[in-house]
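Following: one structure in structure tokens, then a few remarks.
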Amino acid sequence: ARQNLRVSVPVNLRPPEGGDLGNCFGLVLVDLPLGQADRRKRLALVAARMAELKHSPTARSVLLALAAAGHLPVPLEKRLVGGVAGKSVAVVSNLRGPERPLCIGGVRLRELVFWPPQAGGIGIGVSLFSYCRRVSVGISADRALLAQPARWLELFQEELQALLSR
């Protein structure tokens, strides 16, 4: 039985005091511990793995490699991006949004959702976005890889509720 499921996770590389707009992120590959039956231990393992990766040079290396790829001939760029993407089954991204409501044209936004960056043939993207102390979960999926994305979201919500209820 497979013990881990590898996903790509974008990691913010912008300095905390930086006010620049635009993307400045690298990617790390995280093994989700499917073999761990206890959901709390599974969550702790993922948190520990992410903490270790965020403080390693891996994310910045991937950022530099992808930036360099943009200057290569298109076939080489596709091969490099595909090489990184081919090592994972999905992109999973978690962004912390504003805790206070935003308005556009005087209208309060009730919810915000984003879609994680996908490239190199990765067919599943999962986004978690906190806004006004609520979390929205979004999924984009190639139906050949994930035939029932709505069912996956239901299962995700059930698992999250089980974690929060203990």
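Each chain of the structure tokens is named A, B, ... in the order shown, its residues numbered from 1; ligands are numbered from 1 in display order.
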
Using only C-alpha atoms, which residues sit within 12 Å of segment 42-44 of chain A once same-chain residues fewer than 4 positions away are excluded, as a PyMOL selection string? chain A and resi 3-4+31-38+48-51+159-160+163-164

Using N, CA and C atoms, can you export the residues from the last selection as a PDB file, in the first residue's frame?
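Written out: selection_14.pdb:
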ATOM      1  N   GLN A   3       2.218   4.694   1.049  1.00  0.00           N
ATOM      2  CA  GLN A   3       2.260   5.335   2.355  1.00  0.00           C
ATOM      3  C   GLN A   3       2.231   6.857   2.298  1.00  0.00           C
ATOM      4  N   ASN A   4       2.586   7.440   1.141  1.00  0.00           N
ATOM      5  CA  ASN A   4       2.641   8.892   1.001  1.00  0.00           C
ATOM      6  C   ASN A   4       2.049   9.312  -0.332  1.00  0.00           C
ATOM      7  N   ASP A  31       5.368  15.200   1.137  1.00  0.00           N
ATOM      8  CA  ASP A  31       4.742  13.882   1.168  1.00  0.00           C
ATOM      9  C   ASP A  31       3.655  13.860   2.236  1.00  0.00           C
ATOM     10  N   LEU A  32       2.400  13.726   1.796  1.00  0.00           N
ATOM     11  CA  LEU A  32       1.288  13.624   2.735  1.00  0.00           C
ATOM     12  C   LEU A  32       1.236  12.192   3.258  1.00  0.00           C
ATOM     13  N   PRO A  33       1.228  12.009   4.558  1.00  0.00           N
ATOM     14  CA  PRO A  33       1.347  10.667   5.157  1.00  0.00           C
ATOM     15  C   PRO A  33       0.038   9.871   5.157  1.00  0.00           C
ATOM     16  N   LEU A  34      -0.286   9.263   4.024  1.00  0.00           N
ATOM     17  CA  LEU A  34      -1.512   8.475   3.917  1.00  0.00           C
ATOM     18  C   LEU A  34      -1.484   7.247   4.820  1.00  0.00           C
ATOM     19  N   GLY A  35      -0.303   6.756   5.109  1.00  0.00           N
ATOM     20  CA  GLY A  35      -0.180   5.544   5.917  1.00  0.00           C
ATOM     21  C   GLY A  35      -0.469   5.750   7.394  1.00  0.00           C
ATOM     22  N   GLN A  36      -0.586   7.004   7.828  1.00  0.00           N
ATOM     23  CA  GLN A  36      -0.862   7.292   9.242  1.00  0.00           C
ATOM     24  C   GLN A  36      -2.380   7.369   9.440  1.00  0.00           C
ATOM     25  N   ALA A  37      -2.945   6.418  10.188  1.00  0.00           N
ATOM     26  CA  ALA A  37      -4.398   6.347  10.372  1.00  0.00           C
ATOM     27  C   ALA A  37      -4.936   7.433  11.304  1.00  0.00           C
ATOM     28  N   ASP A  38      -4.150   7.831  12.294  1.00  0.00           N
ATOM     29  CA  ASP A  38      -4.606   8.831  13.263  1.00  0.00           C
ATOM     30  C   ASP A  38      -4.536  10.223  12.641  1.00  0.00           C
ATOM     31  N   ALA A  48       5.136  19.326  10.521  1.00  0.00           N
ATOM     32  CA  ALA A  48       6.581  19.185  10.732  1.00  0.00           C
ATOM     33  C   ALA A  48       7.335  19.164   9.404  1.00  0.00           C
ATOM     34  N   ARG A  49       6.797  18.450   8.428  1.00  0.00           N
ATOM     35  CA  ARG A  49       7.449  18.387   7.117  1.00  0.00           C
ATOM     36  C   ARG A  49       7.461  19.759   6.451  1.00  0.00           C
ATOM     37  N   MET A  50       6.357  20.500   6.535  1.00  0.00           N
ATOM     38  CA  MET A  50       6.302  21.843   5.936  1.00  0.00           C
ATOM     39  C   MET A  50       7.263  22.796   6.640  1.00  0.00           C
ATOM     40  N   ALA A  51       7.324  22.751   7.960  1.00  0.00           N
ATOM     41  CA  ALA A  51       8.232  23.640   8.701  1.00  0.00           C
ATOM     42  C   ALA A  51       9.669  23.389   8.288  1.00  0.00           C
ATOM     43  N   GLU A 159     -13.370  15.608   7.181  1.00  0.00           N
ATOM     44  CA  GLU A 159     -12.109  15.398   7.896  1.00  0.00           C
ATOM     45  C   GLU A 159     -11.754  16.620   8.733  1.00  0.00           C
ATOM     46  N   LEU A 160     -11.939  17.800   8.187  1.00  0.00           N
ATOM     47  CA  LEU A 160     -11.660  19.031   8.909  1.00  0.00           C
ATOM     48  C   LEU A 160     -12.582  19.152  10.128  1.00  0.00           C
ATOM     49  N   LEU A 163     -11.365  16.897  12.830  1.00  0.00           N
ATOM     50  CA  LEU A 163     -10.189  17.442  13.503  1.00  0.00           C
ATOM     51  C   LEU A 163     -10.567  18.543  14.489  1.00  0.00           C
ATOM     52  N   LEU A 164     -11.508  19.385  14.109  1.00  0.00           N
ATOM     53  CA  LEU A 164     -11.904  20.524  14.947  1.00  0.00           C
ATOM     54  C   LEU A 164     -12.791  20.117  16.117  1.00  0.00           C
TER      55      LEU A 164
END

To one decimal place, how far is atom CA of Ile122 of chain A from atom CA of Val92 of chain A in Å?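 Answer for the atom CA of Ile122 of chain A to atom CA of Val92 of chain A separation: 10.9 Å.
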
Distance in Å - atom CA of Ser61 of chain A versus atom CA of Ser8 of chain A: 14.2 Å

Atom-to-atom span, atom CA of Val91 of chain A and atom CA of Phe156 of chain A, Å: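 Going from atom CA of Val91 of chain A over to atom CA of Phe156 of chain A, I get 15.4 Å.
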
Test item: residues at most 12 Å from Leu109 of chain A, only C-alpha atoms, excluding those fewer than 5 positions along its chain, as number ranges by chain: A: 98, 100-104, 131-132
